[in-house]
file my_file_35.cif (mmCIF, N, CA and C atoms)
data_protein
#
loop_
_atom_site.label_atom_id
_atom_site.label_comp_id
_atom_site.auth_asym_id
_atom_site.auth_seq_id
_atom_site.Cartn_x
_atom_site.Cartn_y
_atom_site.Cartn_z
N MET A 1 29.92 48.01 -17.83
CA MET A 1 29.00 47.00 -18.33
C MET A 1 29.64 45.61 -18.33
N GLY A 2 30.89 45.51 -18.50
CA GLY A 2 31.58 44.22 -18.53
C GLY A 2 31.54 43.54 -17.18
N ARG A 3 31.61 44.33 -16.10
CA ARG A 3 31.60 43.75 -14.76
C ARG A 3 30.23 43.17 -14.42
N ILE A 4 29.16 43.84 -14.80
CA ILE A 4 27.81 43.36 -14.54
C ILE A 4 27.54 42.08 -15.33
N THR A 5 27.99 42.02 -16.56
CA THR A 5 27.81 40.83 -17.40
C THR A 5 28.57 39.66 -16.79
N LEU A 6 29.80 39.91 -16.35
CA LEU A 6 30.60 38.85 -15.74
C LEU A 6 29.94 38.35 -14.46
N THR A 7 29.40 39.25 -13.65
CA THR A 7 28.73 38.86 -12.41
C THR A 7 27.48 38.05 -12.73
N PHE A 8 26.73 38.46 -13.75
CA PHE A 8 25.52 37.72 -14.14
C PHE A 8 25.88 36.31 -14.62
N ILE A 9 26.91 36.20 -15.45
CA ILE A 9 27.34 34.90 -15.95
C ILE A 9 27.79 34.01 -14.78
N LEU A 10 28.52 34.59 -13.83
CA LEU A 10 28.98 33.85 -12.66
C LEU A 10 27.79 33.37 -11.82
N LEU A 11 26.79 34.21 -11.64
CA LEU A 11 25.60 33.81 -10.87
C LEU A 11 24.83 32.69 -11.58
N VAL A 12 24.69 32.79 -12.89
CA VAL A 12 24.02 31.75 -13.65
C VAL A 12 24.79 30.43 -13.54
N PHE A 13 26.11 30.53 -13.65
CA PHE A 13 26.95 29.34 -13.53
C PHE A 13 26.82 28.72 -12.14
N LEU A 14 26.86 29.53 -11.10
CA LEU A 14 26.73 29.02 -9.73
C LEU A 14 25.35 28.40 -9.50
N ALA A 15 24.32 29.01 -10.06
CA ALA A 15 22.97 28.44 -9.92
C ALA A 15 22.90 27.09 -10.64
N PHE A 16 23.47 27.02 -11.82
CA PHE A 16 23.49 25.76 -12.57
C PHE A 16 24.25 24.69 -11.79
N MET A 17 25.41 25.03 -11.25
CA MET A 17 26.20 24.06 -10.49
C MET A 17 25.46 23.63 -9.22
N GLY A 18 24.79 24.57 -8.56
CA GLY A 18 24.01 24.23 -7.37
C GLY A 18 22.89 23.25 -7.71
N TYR A 19 22.24 23.47 -8.83
CA TYR A 19 21.17 22.57 -9.25
C TYR A 19 21.72 21.18 -9.55
N GLN A 20 22.88 21.11 -10.20
CA GLN A 20 23.49 19.82 -10.51
C GLN A 20 23.89 19.08 -9.23
N VAL A 21 24.42 19.79 -8.24
CA VAL A 21 24.78 19.18 -6.97
C VAL A 21 23.52 18.65 -6.28
N TYR A 22 22.44 19.41 -6.34
CA TYR A 22 21.17 18.97 -5.75
C TYR A 22 20.69 17.67 -6.41
N ARG A 23 20.75 17.61 -7.75
CA ARG A 23 20.31 16.41 -8.47
C ARG A 23 21.19 15.21 -8.13
N LEU A 24 22.49 15.41 -8.07
CA LEU A 24 23.41 14.33 -7.73
C LEU A 24 23.16 13.82 -6.31
N ASN A 25 22.91 14.73 -5.39
CA ASN A 25 22.62 14.33 -4.02
C ASN A 25 21.32 13.54 -3.95
N ASP A 26 20.32 13.94 -4.71
CA ASP A 26 19.05 13.22 -4.76
C ASP A 26 19.26 11.81 -5.33
N GLN A 27 20.06 11.68 -6.37
CA GLN A 27 20.36 10.36 -6.93
C GLN A 27 21.12 9.50 -5.92
N ARG A 28 22.06 10.11 -5.19
CA ARG A 28 22.82 9.38 -4.18
C ARG A 28 21.89 8.83 -3.10
N ILE A 29 20.94 9.62 -2.65
CA ILE A 29 20.00 9.18 -1.63
C ILE A 29 19.16 8.01 -2.14
N LYS A 30 18.68 8.11 -3.37
CA LYS A 30 17.88 7.03 -3.94
C LYS A 30 18.69 5.75 -4.09
N LEU A 31 19.94 5.87 -4.51
CA LEU A 31 20.80 4.70 -4.66
C LEU A 31 21.12 4.06 -3.31
N GLU A 32 21.31 4.87 -2.28
CA GLU A 32 21.56 4.34 -0.94
C GLU A 32 20.34 3.57 -0.43
N GLU A 33 19.14 4.10 -0.70
CA GLU A 33 17.92 3.40 -0.30
C GLU A 33 17.80 2.06 -1.03
N GLU A 34 18.09 2.07 -2.31
CA GLU A 34 18.03 0.84 -3.10
C GLU A 34 19.07 -0.17 -2.60
N LEU A 35 20.25 0.31 -2.27
CA LEU A 35 21.29 -0.56 -1.75
C LEU A 35 20.88 -1.18 -0.42
N SER A 36 20.24 -0.40 0.43
CA SER A 36 19.82 -0.94 1.73
C SER A 36 18.74 -2.00 1.57
N LYS A 37 17.96 -1.92 0.49
CA LYS A 37 16.95 -2.95 0.22
C LYS A 37 17.58 -4.21 -0.35
N ILE A 38 18.62 -4.05 -1.15
CA ILE A 38 19.24 -5.17 -1.85
C ILE A 38 20.23 -5.92 -0.95
N THR A 39 20.90 -5.24 -0.05
CA THR A 39 21.96 -5.83 0.75
C THR A 39 21.53 -7.09 1.50
N PRO A 40 20.38 -7.12 2.19
CA PRO A 40 20.00 -8.37 2.88
C PRO A 40 19.82 -9.54 1.93
N ARG A 41 19.29 -9.28 0.76
CA ARG A 41 19.09 -10.35 -0.23
C ARG A 41 20.44 -10.89 -0.71
N VAL A 42 21.38 -9.99 -0.93
CA VAL A 42 22.72 -10.39 -1.37
C VAL A 42 23.39 -11.25 -0.29
N GLU A 43 23.24 -10.85 0.97
CA GLU A 43 23.83 -11.61 2.07
C GLU A 43 23.19 -12.99 2.18
N ALA A 44 21.88 -13.05 2.02
CA ALA A 44 21.18 -14.34 2.08
C ALA A 44 21.63 -15.25 0.93
N LEU A 45 21.79 -14.68 -0.25
CA LEU A 45 22.24 -15.47 -1.39
C LEU A 45 23.69 -15.94 -1.21
N ALA A 46 24.52 -15.12 -0.57
CA ALA A 46 25.90 -15.53 -0.31
C ALA A 46 25.93 -16.71 0.66
N GLN A 47 25.07 -16.68 1.68
CA GLN A 47 24.99 -17.80 2.62
C GLN A 47 24.48 -19.05 1.91
N GLU A 48 23.47 -18.89 1.08
CA GLU A 48 22.95 -20.04 0.33
C GLU A 48 24.02 -20.60 -0.59
N ASN A 49 24.80 -19.73 -1.19
CA ASN A 49 25.88 -20.16 -2.07
C ASN A 49 26.91 -20.98 -1.31
N GLU A 50 27.27 -20.54 -0.11
CA GLU A 50 28.22 -21.29 0.72
C GLU A 50 27.65 -22.66 1.08
N SER A 51 26.38 -22.69 1.42
CA SER A 51 25.73 -23.95 1.76
C SER A 51 25.73 -24.91 0.57
N LEU A 52 25.45 -24.38 -0.60
CA LEU A 52 25.45 -25.21 -1.80
C LEU A 52 26.86 -25.72 -2.13
N LYS A 53 27.86 -24.89 -1.91
CA LYS A 53 29.24 -25.33 -2.13
C LYS A 53 29.59 -26.49 -1.20
N LYS A 54 29.16 -26.39 0.06
CA LYS A 54 29.42 -27.47 1.01
C LYS A 54 28.70 -28.74 0.58
N ASP A 55 27.46 -28.60 0.11
CA ASP A 55 26.72 -29.77 -0.37
C ASP A 55 27.41 -30.41 -1.57
N ILE A 56 27.91 -29.58 -2.47
CA ILE A 56 28.60 -30.11 -3.65
C ILE A 56 29.84 -30.88 -3.23
N GLU A 57 30.60 -30.32 -2.28
CA GLU A 57 31.79 -31.02 -1.79
C GLU A 57 31.41 -32.34 -1.13
N TYR A 58 30.33 -32.33 -0.36
CA TYR A 58 29.88 -33.53 0.34
C TYR A 58 29.45 -34.60 -0.66
N PHE A 59 28.63 -34.22 -1.62
CA PHE A 59 28.09 -35.19 -2.58
C PHE A 59 29.10 -35.57 -3.66
N ALA A 60 30.23 -34.87 -3.73
CA ALA A 60 31.28 -35.25 -4.68
C ALA A 60 31.93 -36.57 -4.27
N ASN A 61 31.83 -36.90 -3.00
CA ASN A 61 32.35 -38.17 -2.51
C ASN A 61 31.29 -39.25 -2.78
N PRO A 62 31.62 -40.27 -3.57
CA PRO A 62 30.63 -41.30 -3.91
C PRO A 62 30.05 -42.03 -2.68
N GLU A 63 30.84 -42.17 -1.63
CA GLU A 63 30.34 -42.84 -0.43
C GLU A 63 29.23 -42.02 0.23
N ASN A 64 29.42 -40.71 0.27
CA ASN A 64 28.38 -39.86 0.85
C ASN A 64 27.12 -39.87 0.00
N LEU A 65 27.29 -39.87 -1.31
CA LEU A 65 26.14 -39.91 -2.20
C LEU A 65 25.35 -41.20 -2.00
N LEU A 66 26.06 -42.30 -1.91
CA LEU A 66 25.40 -43.59 -1.69
C LEU A 66 24.69 -43.61 -0.33
N LYS A 67 25.34 -43.06 0.68
CA LYS A 67 24.73 -43.00 2.01
C LYS A 67 23.42 -42.20 1.98
N GLU A 68 23.41 -41.08 1.28
CA GLU A 68 22.20 -40.27 1.19
C GLU A 68 21.11 -40.98 0.40
N LEU A 69 21.49 -41.65 -0.67
CA LEU A 69 20.51 -42.42 -1.44
C LEU A 69 19.85 -43.48 -0.57
N LYS A 70 20.66 -44.15 0.21
CA LYS A 70 20.13 -45.21 1.06
C LYS A 70 19.20 -44.64 2.13
N SER A 71 19.58 -43.54 2.73
CA SER A 71 18.77 -43.01 3.83
C SER A 71 17.49 -42.31 3.37
N LYS A 72 17.55 -41.64 2.25
CA LYS A 72 16.38 -40.86 1.83
C LYS A 72 15.42 -41.64 0.93
N PHE A 73 15.94 -42.57 0.17
CA PHE A 73 15.10 -43.24 -0.82
C PHE A 73 15.02 -44.75 -0.61
N ASN A 74 15.49 -45.20 0.55
CA ASN A 74 15.49 -46.64 0.86
C ASN A 74 16.16 -47.44 -0.25
N TYR A 75 17.21 -46.90 -0.79
CA TYR A 75 17.96 -47.55 -1.85
C TYR A 75 18.85 -48.63 -1.25
N LYS A 76 19.00 -49.72 -1.97
CA LYS A 76 19.94 -50.76 -1.56
C LYS A 76 20.62 -51.31 -2.79
N LEU A 77 21.83 -51.76 -2.58
CA LEU A 77 22.57 -52.39 -3.66
C LEU A 77 21.98 -53.77 -3.91
N PRO A 78 22.16 -54.32 -5.09
CA PRO A 78 21.56 -55.62 -5.42
C PRO A 78 21.96 -56.74 -4.46
N ASP A 79 23.15 -56.71 -3.92
CA ASP A 79 23.58 -57.79 -3.04
C ASP A 79 23.33 -57.48 -1.56
N GLU A 80 22.67 -56.38 -1.25
CA GLU A 80 22.41 -56.01 0.14
C GLU A 80 21.00 -56.42 0.55
N LYS A 81 20.85 -56.61 1.85
CA LYS A 81 19.53 -56.84 2.41
C LYS A 81 19.18 -55.63 3.26
N MET A 82 17.91 -55.33 3.26
CA MET A 82 17.46 -54.15 3.98
C MET A 82 16.62 -54.56 5.18
N ILE A 83 16.90 -53.94 6.29
CA ILE A 83 16.10 -54.15 7.49
C ILE A 83 15.55 -52.78 7.88
N ILE A 84 14.26 -52.74 8.03
CA ILE A 84 13.60 -51.50 8.43
C ILE A 84 13.23 -51.63 9.89
N VAL A 85 13.74 -50.75 10.71
CA VAL A 85 13.46 -50.77 12.14
C VAL A 85 12.41 -49.70 12.42
N VAL A 86 11.30 -50.15 12.97
CA VAL A 86 10.22 -49.23 13.30
C VAL A 86 10.27 -48.99 14.81
N PRO A 87 10.36 -47.73 15.21
CA PRO A 87 10.41 -47.46 16.65
C PRO A 87 9.09 -47.84 17.31
N PRO A 88 9.15 -48.27 18.57
CA PRO A 88 7.91 -48.65 19.24
C PRO A 88 7.00 -47.44 19.43
N ARG A 89 5.72 -47.72 19.47
CA ARG A 89 4.76 -46.63 19.69
C ARG A 89 4.90 -46.12 21.11
N ASN A 90 4.69 -44.86 21.25
CA ASN A 90 4.69 -44.27 22.59
C ASN A 90 3.36 -44.62 23.25
N GLN A 91 3.45 -45.40 24.29
CA GLN A 91 2.23 -45.77 25.01
C GLN A 91 2.11 -44.87 26.21
N THR A 92 1.09 -44.08 26.18
CA THR A 92 0.86 -43.19 27.30
C THR A 92 -0.22 -43.80 28.16
N SER A 93 0.10 -43.94 29.41
CA SER A 93 -0.88 -44.53 30.32
C SER A 93 -1.56 -43.41 31.09
N THR A 94 -2.82 -43.54 31.23
CA THR A 94 -3.57 -42.54 31.98
C THR A 94 -3.91 -43.14 33.33
N ASN A 95 -3.22 -42.70 34.33
CA ASN A 95 -3.46 -43.17 35.72
C ASN A 95 -4.12 -42.12 36.52
#

call {"tool": "encode", "arguments": {"input": "my_file_35.cif", "output": "structure tokens"}}
result
Amino acid sequence: MGRITLTFILLVFLAFMGYQVYRLNDQRIKLEEELSKITPRVEALAQENESLKKDIEYFANPENLLKELKSKFNYKLPDEKMIIVVPPRNQTSTN
């Protein structure tokens, strides 16, 4: 009787372990799917972060900041004069 009981306990234990391995494998598959969805976003954010770092370095220089203010917002210093150059219109001739 002891041998049958031991075999039964071993079978129950193996079934329990098999079920746990199945559950862990299912969780692993779900996590891999989630990771594959998240990875492109993480890469895009890393690129954006690098771009922002470069912008911060660029704008940390006061000369660059002033240059951008002048070009984007038509800013001028009080003692400067501004000349706005308008490109000529494209004249298309129909011959």

call {"tool": "atom_distance", "arguments": {"input": "my_file_35.cif", "atom1": "CA of Asn64 (chain A)", "atom2": "CA of Asp79 (chain A)"}}
result
19.0 Å

call {"tool": "atom_distance", "arguments": {"input": "my_file_35.cif", "atom1": "atom C of Leu66 (chain A)", "atom2": "atom C of Ile83 (chain A)"}}
result
15.3 Å

call {"tool": "atom_distance", "arguments": {"input": "my_file_35.cif", "atom1": "atom N of Pro62 (chain A)", "atom2": "CA of Leu45 (chain A)"}}
result
26.6 Å

call {"tool": "axis_aligned_box", "arguments": {"input": "my_file_35.cif", "around": "region 66-84 of chain A", "padding_each_side": "3 Å", "output": "lines of an AutoDock Vina configuration file"}}
result
center_x = 19.6
center_y = -49.0
center_z = 2.2
size_x = 18.8
size_y = 23.5
size_z = 21.3

call {"tool": "select_by_dssp", "arguments": {"input": "my_file_35.cif", "residues": "chain A", "states": "helix (DSSP H, G or I)", "output": "PyMOL selection string"}}
result
chain A and resi 2-60+62-73
